[in-house]
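K.L.:
To be precise about what I am sending: the file is called target-v6.csv and holds CSV, C-alpha atoms and all ligand atoms.
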```
chain,number,residue,atom,x,y,z
D,873,MET,CA,-1.8,-10.1,-19.4
D,874,THR,CA,-1.4,-7.1,-17.0
D,875,SER,CA,-4.1,-5.2,-18.8
D,876,LEU,CA,-6.7,-3.8,-16.4
D,877,LYS,CA,-9.1,-2.6,-19.1
D,878,GLY,CA,-12.5,-2.3,-17.6
D,879,LYS,CA,-11.4,-3.0,-14.0
D,880,ARG,CA,-12.4,-0.8,-11.2
D,881,ALA,CA,-9.9,0.0,-8.4
D,882,VAL,CA,-9.7,1.8,-5.1
D,883,VAL,CA,-6.2,2.7,-3.8
D,884,THR,CA,-6.0,4.2,-0.3
D,885,GLY,CA,-3.3,6.7,0.6
D,886,ALA,CA,-2.6,7.3,-3.1
D,887,ALA,CA,-2.3,11.1,-3.3
D,888,ASN,CA,1.5,10.6,-2.8
D,889,GLY,CA,4.3,8.1,-2.9
D,890,LEU,CA,3.8,4.4,-3.6
D,891,GLY,CA,0.0,4.6,-3.7
D,892,LYS,CA,0.2,7.3,-6.3
D,893,ALA,CA,2.6,5.2,-8.5
D,894,CYS,CA,0.1,2.3,-8.2
D,895,ALA,CA,-2.9,4.4,-9.1
D,896,LEU,CA,-1.1,5.9,-12.1
D,897,ALA,CA,0.0,2.4,-13.3
D,898,PHE,CA,-3.5,1.1,-13.0
D,899,LEU,CA,-4.8,4.1,-15.0
D,900,ALA,CA,-2.2,3.6,-17.7
D,901,GLU,CA,-3.4,-0.1,-18.0
D,902,GLY,CA,-7.0,1.0,-18.5
D,903,ALA,CA,-8.5,0.8,-15.1
D,904,SER,CA,-10.9,3.3,-13.5
D,905,VAL,CA,-9.4,4.4,-10.1
D,906,VAL,CA,-10.7,5.9,-6.9
D,907,VAL,CA,-7.9,7.5,-4.9
D,908,ALA,CA,-8.9,7.8,-1.2
D,909,ASP,CA,-6.5,10.0,0.8
D,910,PHE,CA,-6.8,12.6,3.6
D,911,ASP,CA,-4.3,14.9,1.8
D,912,ARG,CA,-6.9,16.9,-0.1
D,913,GLU,CA,-4.4,19.3,-1.8
D,914,ALA,CA,-2.2,16.5,-3.2
D,915,GLY,CA,-5.3,14.4,-4.2
D,916,GLU,CA,-6.8,17.3,-6.1
D,917,ARG,CA,-3.4,18.0,-7.7
D,918,LEU,CA,-3.2,14.4,-8.8
D,919,ALA,CA,-6.7,14.5,-10.3
D,920,GLY,CA,-5.6,17.4,-12.4
D,921,GLU,CA,-2.4,15.6,-13.4
D,922,ALA,CA,-4.3,12.4,-14.3
D,923,GLY,CA,-6.6,14.4,-16.6
D,924,LEU,CA,-9.1,11.6,-17.0
D,925,PRO,CA,-12.2,12.6,-15.1
D,926,ASP,CA,-14.2,9.7,-16.4
D,927,ARG,CA,-11.7,7.1,-15.0
D,928,PHE,CA,-10.2,8.9,-12.0
D,929,VAL,CA,-11.9,10.2,-8.9
D,930,PHE,CA,-10.3,11.6,-5.8
D,931,VAL,CA,-12.2,11.1,-2.5
D,932,PRO,CA,-11.0,12.9,0.6
D,933,CYS,CA,-11.0,10.2,3.2
D,934,ASP,CA,-9.4,9.4,6.6
D,935,VAL,CA,-9.1,5.6,6.5
D,936,SER,CA,-9.0,5.3,10.2
D,937,ASP,CA,-12.7,6.2,10.1
D,938,VAL,CA,-14.3,3.0,8.7
D,939,ALA,CA,-17.5,5.0,7.6
D,940,GLN,CA,-15.3,7.3,5.4
D,941,LEU,CA,-13.4,4.3,4.0
D,942,GLU,CA,-16.7,2.6,3.2
D,943,SER,CA,-18.0,5.7,1.4
D,944,ALA,CA,-14.8,5.8,-0.7
D,945,ILE,CA,-15.3,2.2,-1.7
D,946,LEU,CA,-19.0,2.9,-2.4
D,947,THR,CA,-18.0,5.8,-4.7
D,948,CYS,CA,-16.3,3.1,-6.9
D,949,VAL,CA,-19.2,0.7,-6.7
D,950,ASP,CA,-21.9,3.4,-7.4
D,951,ARG,CA,-20.0,5.1,-10.2
D,952,TRP,CA,-18.7,2.1,-12.1
D,953,GLY,CA,-21.0,-0.8,-10.9
D,954,GLY,CA,-18.6,-2.7,-8.7
D,955,ILE,CA,-15.0,-3.0,-7.5
D,956,ASP,CA,-12.3,-5.4,-8.8
D,957,ILE,CA,-9.2,-4.2,-7.0
D,958,LEU,CA,-8.5,-2.7,-3.6
D,959,VAL,CA,-5.0,-1.6,-2.5
D,960,ASN,CA,-4.8,-1.1,1.3
D,961,ASN,CA,-1.8,1.3,1.0
D,962,ALA,CA,-2.3,4.2,3.5
D,963,GLY,CA,0.3,4.0,6.2
D,964,ILE,CA,2.1,6.1,8.8
D,965,ALA,CA,5.4,5.4,10.7
D,966,PRO,CA,5.8,7.7,13.7
D,967,LYS,CA,8.8,7.0,16.0
D,968,ALA,CA,8.4,5.4,19.4
D,969,ASN,CA,10.0,2.4,21.0
D,970,ILE,CA,8.8,0.0,23.8
D,971,GLU,CA,10.0,2.5,26.5
D,972,THR,CA,8.4,5.6,25.0
D,973,ILE,CA,5.3,4.5,23.2
D,974,ASP,CA,1.9,5.7,24.5
D,975,GLU,CA,-1.6,4.2,23.8
D,976,ALA,CA,-2.7,7.0,21.5
D,977,LEU,CA,0.2,6.6,19.1
D,978,PHE,CA,-0.1,2.8,19.1
D,979,ASP,CA,-3.9,3.0,18.4
D,980,ARG,CA,-3.5,5.6,15.7
D,981,VAL,CA,-0.9,3.6,13.8
D,982,HIS,CA,-3.0,0.5,14.0
D,983,ALA,CA,-6.2,2.3,13.0
D,984,ILE,CA,-4.5,3.4,9.7
D,985,ASN,CA,-2.0,0.6,9.0
D,986,LEU,CA,-4.1,-2.4,10.0
D,987,ARG,CA,-7.7,-1.8,11.1
D,988,ALA,CA,-8.4,0.1,7.8
D,989,ALA,CA,-7.0,-2.9,5.9
D,990,VAL,CA,-9.2,-5.3,7.8
D,991,PHE,CA,-12.4,-3.4,7.3
D,992,GLY,CA,-11.5,-2.2,3.8
D,993,THR,CA,-11.1,-5.9,2.9
D,994,GLN,CA,-14.4,-6.8,4.5
D,995,ILE,CA,-16.3,-4.1,2.7
D,996,ALA,CA,-14.7,-4.6,-0.7
D,997,ALA,CA,-15.0,-8.4,-0.5
D,998,ARG,CA,-18.8,-8.1,0.0
D,999,HIS,CA,-19.1,-6.4,-3.3
D,1000,MET,CA,-16.4,-8.5,-5.1
D,1001,ALA,CA,-18.1,-11.7,-3.9
D,1002,LYS,CA,-21.3,-10.7,-5.8
D,1003,GLU,CA,-19.3,-11.0,-9.1
D,1004,GLY,CA,-17.1,-13.9,-7.9
D,1005,LYS,CA,-13.8,-12.1,-8.5
D,1006,GLY,CA,-11.5,-9.5,-7.0
D,1007,ALA,CA,-7.9,-8.8,-6.1
D,1008,ILE,CA,-6.9,-7.2,-2.8
D,1009,ILE,CA,-3.3,-6.0,-2.2
D,1010,ASN,CA,-1.9,-5.0,1.2
D,1011,MET,CA,1.1,-2.7,1.2
D,1012,SER,CA,3.3,-4.3,3.9
D,1013,SER,CA,7.0,-3.7,4.4
D,1014,VAL,CA,10.2,-5.5,5.2
D,1015,ASN,CA,9.4,-4.3,8.7
D,1016,ALA,CA,6.7,-6.9,8.9
D,1017,GLU,CA,9.6,-9.4,9.5
D,1018,LEU,CA,12.6,-7.2,10.4
D,1019,ASN,CA,12.8,-4.6,13.2
D,1020,ILE,CA,13.7,-1.0,13.8
D,1021,PRO,CA,13.1,-0.5,17.6
D,1022,ASP,CA,12.0,3.1,17.2
D,1023,LEU,CA,9.2,1.9,14.8
D,1024,LEU,CA,7.5,-0.4,17.3
D,1025,ALA,CA,3.9,0.3,16.3
D,1026,TYR,CA,4.7,0.3,12.6
D,1027,ASN,CA,6.5,-3.0,12.8
D,1028,VAL,CA,3.8,-4.7,14.8
D,1029,SER,CA,1.1,-3.3,12.4
D,1030,LYS,CA,2.9,-4.6,9.3
D,1031,GLY,CA,3.4,-8.0,10.9
D,1032,GLY,CA,-0.4,-8.1,11.6
D,1033,LEU,CA,-1.0,-7.0,8.0
D,1034,ASN,CA,0.9,-10.1,6.7
D,1035,GLN,CA,-1.4,-12.3,8.8
D,1036,LEU,CA,-4.4,-10.5,7.4
D,1037,THR,CA,-3.1,-11.2,3.9
D,1038,ARG,CA,-2.8,-15.0,4.6
D,1039,ASN,CA,-5.9,-15.2,6.7
D,1040,SER,CA,-8.3,-13.4,4.3
D,1041,ALA,CA,-6.7,-15.1,1.3
D,1042,ILE,CA,-7.8,-18.5,2.7
D,1043,ALA,CA,-11.3,-17.2,3.8
D,1044,LEU,CA,-12.0,-15.6,0.4
D,1045,ALA,CA,-10.4,-18.1,-1.9
D,1046,ARG,CA,-13.6,-19.9,-2.9
D,1047,LYS,CA,-15.3,-16.6,-3.7
D,1048,GLY,CA,-12.8,-15.8,-6.4
D,1049,ILE,CA,-11.1,-13.1,-4.4
D,1050,ARG,CA,-7.3,-13.2,-4.2
D,1051,VAL,CA,-5.4,-11.3,-1.4
D,1052,ASN,CA,-1.7,-10.6,-1.6
D,1053,GLY,CA,0.9,-8.2,-0.1
D,1054,ILE,CA,3.9,-6.2,-1.2
D,1055,GLY,CA,6.8,-5.8,1.2
D,1056,PRO,CA,8.9,-2.8,0.0
D,1057,GLY,CA,12.4,-2.2,1.3
D,1058,THR,CA,13.7,1.3,1.0
D,1059,ILE,CA,11.9,3.1,-1.9
D,1060,LEU,CA,12.6,6.6,-3.0
D,1061,THR,CA,9.4,8.4,-2.5
D,1062,LYS,CA,9.5,12.2,-2.3
D,1063,LEU,CA,9.5,11.9,1.5
D,1064,THR,CA,12.4,9.4,1.6
D,1065,ARG,CA,14.3,11.4,-1.0
D,1066,ASP,CA,14.0,14.7,0.9
D,1067,ALA,CA,14.2,13.4,4.5
D,1068,VAL,CA,16.6,10.5,4.4
D,1069,TRP,CA,18.5,10.4,1.1
D,1070,THR,CA,20.0,13.9,1.7
D,1071,ASP,CA,21.6,12.6,4.9
D,1072,GLU,CA,24.9,10.9,3.8
D,1073,ALA,CA,25.2,8.8,6.9
D,1074,ALA,CA,21.7,7.6,6.7
D,1075,ARG,CA,22.1,6.8,3.0
D,1076,ARG,CA,25.3,4.8,3.6
D,1077,SER,CA,23.7,3.0,6.5
D,1078,ILE,CA,20.7,2.0,4.3
D,1079,LEU,CA,22.9,0.9,1.4
D,1080,SER,CA,25.0,-1.2,3.7
D,1081,ARG,CA,21.8,-3.3,4.2
D,1082,THR,CA,20.9,-3.4,0.6
D,1083,PRO,CA,22.8,-6.0,-1.5
D,1084,MET,CA,21.7,-4.4,-4.8
D,1085,GLY,CA,23.4,-1.2,-3.8
D,1086,ARG,CA,20.6,1.1,-4.6
D,1087,ALA,CA,17.1,2.1,-3.3
D,1088,GLY,CA,14.0,1.2,-5.2
D,1089,GLU,CA,11.7,3.5,-7.2
D,1090,PRO,CA,8.0,3.8,-6.7
D,1091,GLU,CA,7.4,2.4,-10.2
D,1092,GLU,CA,9.1,-0.8,-9.2
D,1093,ILE,CA,6.5,-1.3,-6.5
D,1094,ALA,CA,3.6,-0.3,-8.9
D,1095,ALA,CA,4.8,-3.0,-11.3
D,1096,ILE,CA,4.2,-5.6,-8.6
D,1097,ALA,CA,0.8,-4.1,-7.7
D,1098,LEU,CA,-0.1,-4.4,-11.4
D,1099,PHE,CA,1.0,-8.0,-11.5
D,1100,LEU,CA,-1.0,-8.8,-8.3
D,1101,ALA,CA,-4.1,-6.8,-9.5
D,1102,SER,CA,-4.2,-8.4,-12.9
D,1103,ASP,CA,-5.0,-11.9,-14.3
D,1104,ALA,CA,-1.2,-12.4,-14.7
D,1105,SER,CA,-1.2,-13.6,-11.1
D,1106,SER,CA,-4.5,-15.6,-11.3
D,1107,TYR,CA,-3.2,-18.5,-9.2
D,1108,VAL,CA,-1.3,-16.4,-6.6
D,1109,THR,CA,-3.0,-15.7,-3.2
D,1110,GLY,CA,-1.9,-15.3,0.4
D,1111,GLN,CA,1.6,-14.2,-0.7
D,1112,THR,CA,3.7,-11.1,0.3
D,1113,ILE,CA,6.2,-10.3,-2.4
D,1114,TYR,CA,9.3,-8.5,-1.0
D,1115,ALA,CA,10.9,-5.9,-3.3
D,1116,ASP,CA,13.9,-4.9,-1.1
D,1117,GLY,CA,17.0,-5.2,-3.3
D,1118,GLY,CA,18.0,-8.4,-1.4
D,1119,ARG,CA,17.7,-7.1,2.2
D,1120,MET,CA,15.6,-9.9,3.7
D,1121,GLY,CA,18.3,-12.5,3.0
D,1122,LEU,CA,21.2,-10.5,4.4
D,1123,ASN,CA,22.6,-11.3,7.8
D,1124,TYR,CA,25.3,-8.6,8.0
D,1125,THR,CA,26.2,-5.6,5.9
D,1126,VAL,CA,27.5,-5.0,2.4
D,1127,ALA,CA,29.8,-2.3,1.0
D,1128,ALA,CA,27.8,0.9,0.8
D,1129,ASP,CA,29.4,2.0,-2.5
G,1,LIG,N1,8.5,4.3,0.9
G,1,LIG,C1,9.0,3.2,1.4
G,1,LIG,O1,10.3,3.1,1.4
G,1,LIG,C2,8.1,2.2,2.0
G,1,LIG,C3,8.8,1.0,2.5
G,1,LIG,C4,8.0,0.0,3.0
G,1,LIG,C5,6.6,0.2,3.1
G,1,LIG,N2,6.0,1.3,2.7
G,1,LIG,C6,4.6,1.4,2.8
G,1,LIG,O2,4.0,1.9,1.6
G,1,LIG,C7,2.8,2.6,2.0
G,1,LIG,C8,2.9,4.0,1.4
G,1,LIG,O3,4.0,4.7,1.9
G,1,LIG,P1,4.8,5.9,1.1
G,1,LIG,O4,6.2,5.7,1.3
G,1,LIG,O5,4.2,6.1,-0.2
G,1,LIG,O6,4.3,7.1,2.1
G,1,LIG,P2,3.8,8.5,1.8
G,1,LIG,O7,3.8,9.2,3.1
G,1,LIG,O8,4.5,9.1,0.7
G,1,LIG,O9,2.3,8.3,1.4
G,1,LIG,C9,1.3,7.8,2.3
G,1,LIG,C10,0.0,8.4,1.9
G,1,LIG,O10,-1.0,7.9,2.8
G,1,LIG,C11,-1.8,9.0,3.1
G,1,LIG,N3,-2.4,8.8,4.5
G,1,LIG,C12,-1.8,8.7,5.7
G,1,LIG,N4,-2.7,8.5,6.6
G,1,LIG,C13,-3.9,8.5,6.0
G,1,LIG,C14,-5.2,8.3,6.5
G,1,LIG,N5,-5.5,8.2,7.8
G,1,LIG,N6,-6.2,8.3,5.7
G,1,LIG,C15,-6.0,8.4,4.3
G,1,LIG,N7,-4.8,8.6,3.8
G,1,LIG,C16,-3.7,8.6,4.7
G,1,LIG,C17,-0.9,10.2,3.1
G,1,LIG,O11,-1.7,11.4,2.9
G,1,LIG,C18,-0.1,9.9,1.9
G,1,LIG,O12,-0.7,10.4,0.7
G,1,LIG,C19,2.7,2.7,3.5
G,1,LIG,O13,1.8,1.7,3.9
G,1,LIG,C20,4.1,2.4,3.9
G,1,LIG,O14,4.2,1.7,5.2
G,1,LIG,C21,6.8,2.3,2.2
```
Written as structure tokens, how would this file's structure read?

P.N.:
Amino acid sequence: MTSLKGKRAVVTGAANGLGKACALAFLAEGASVVVADFDREAGERLAGEAGLPDRFVFVPCDVSDVAQLESAILTCVDRWGGIDILVNNAGIAPKANIETIDEALFDRVHAINLRAAVFGTQIAARHMAKEGKGAIINMSSVNAELNIPDLLAYNVSKGGLNQLTRNSAIALARKGIRVNGIGPGTILTKLTRDAVWTDEAARRSILSRTPMGRAGEPEEIAAIALFLASDASSYVTGQTIYADGGRMGLNYTVAAD
């Protein structure tokens, strides 16, 4: 039921990390995939790794520029005749709290994490509506609900993303387009592994907030994306599924080891 044979997908920010895992899972299930990312080097490397030039296209793209985002989506439509799946995954999380944040940082985070998802959804939905079907997935975070003060703009953008999921799910329901979100907890992408997991104090602090006692793997997020992109979730819309090892329910700490 999670086969994506014949489906056409665009995944933003998929040259690395969680987006990459989603793109590879979609490819493995038979989909054709456009990866839209501004990391040209990693995108071209992934195209080589994927080794499926008929079903994988890398488009260099800064999603904060809606014209570039539209052109990435049109690459999918022009090449394969339409779009069935959009994953709004590109995201950044620079540090600043309510006392230190400036307008430029706030606007940049929102342009990538939220505005791109709004207009990506709008553009993709126009094409999906012509065929009366489609699945849109927003990569949210536990930080849509919980807070880290130094990630003010990130937290606010992810909270907004959850509202976008619910709002657009209702607006697009009668057009056959489902919109859902994924809210990861701490997932070991290369970045997290190198930057956070090597720091013992940070690792213990994260695990003390993770009842399952381990971080997640990118493939565990890709598995949810596959479910939400496929017909296996045909009656699910407007939901954000949290994959966080139990963190959202925890109102204290657990033993780190
Ligand atoms: N890794 C985690 O633990 C975690 C937890 C919760 C949520 N998330 C969310 O998952 C998504 C992916 O995060 P990740 O951990 O894989 O990060 P990552 O940094 O490994 O990957 C993000 C990708 O987005 C791309 N990107 C950034 N800005 C872009 C832009 N303007 N235009 C196009 N591409 C752009 C980067 O080049 C990179 O390839 C993000 O939305 C993030 O908020 C991640």

K.L.:
Excluding D:Thr1058 and residues on its chain fewer than 2 positions from it, collect all residues at most 7 Å away from it, counting all atoms listed in the file, and give them as number ranges by chain.

P.N.:
D: 1056, 1060, 1087-1088, 1116

K.L.:
When you count all atoms listed in the file, which of these residues is closest to D:Ser1102: D:Val1068, D:Ala886, D:Leu876, D:Leu896?

P.N.:
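When distances to D:Ser1102 are compared using all atoms listed in the file, the smallest one comes from D:Leu876.
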
K.L.:
Could you tell me, counting only C-alpha atoms and all ligand atoms, which protein and nucleic acid residues lie no more than 8 Å from ligand LIG 1 (chain G), written as a PyMOL selection string?

P.N.:
chain D and resi 884-892+908-911+914-915+932-937+960-965+983-985+1011-1015+1026+1030+1055-1064+1088+1090

K.L.:
List every protein, DNA or RNA residue that has at least one atom no more than 9 Å from (-15.0, -17.5, -6.7) in the file's coordinates, counting only C-alpha atoms, and write the result as a PDB file with C-alpha atoms, in the coordinates of the input.

P.N.:
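Heads up, here's the output in point.pdb:
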```pdb
ATOM      1  CA  ALA D1001     -18.100 -11.700  -3.900  1.00  0.00           C
ATOM      2  CA  GLU D1003     -19.300 -11.000  -9.100  1.00  0.00           C
ATOM      3  CA  GLY D1004     -17.100 -13.900  -7.900  1.00  0.00           C
ATOM      4  CA  LYS D1005     -13.800 -12.100  -8.500  1.00  0.00           C
ATOM      5  CA  GLY D1006     -11.500  -9.500  -7.000  1.00  0.00           C
ATOM      6  CA  LEU D1044     -12.000 -15.600   0.400  1.00  0.00           C
ATOM      7  CA  ALA D1045     -10.400 -18.100  -1.900  1.00  0.00           C
ATOM      8  CA  ARG D1046     -13.600 -19.900  -2.900  1.00  0.00           C
ATOM      9  CA  LYS D1047     -15.300 -16.600  -3.700  1.00  0.00           C
ATOM     10  CA  GLY D1048     -12.800 -15.800  -6.400  1.00  0.00           C
ATOM     11  CA  ILE D1049     -11.100 -13.100  -4.400  1.00  0.00           C
TER      12      ILE D1049
END
```

K.L.:
Just want the 10 Å neighbourhood of D:Ala1128, counted on all atoms listed in the file, with same-chain residues fewer than 5 positions away dropped. Output as a list in words.

P.N.:
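My reading of the contact set: Arg1075, Arg1076, Ser1077, Ile1078, Leu1079, Ser1080, Arg1081, Thr1082, Pro1083, Met1084, Gly1085 and Arg1086 of chain D.
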
K.L.:
Would you compute the distance between atom CA of D:Ala897 and atom CA of D:Asn1010? Give it in Å to one decimal.

P.N.:
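About the pair atom CA of D:Ala897 and atom CA of D:Asn1010: they are 16.4 Å apart.
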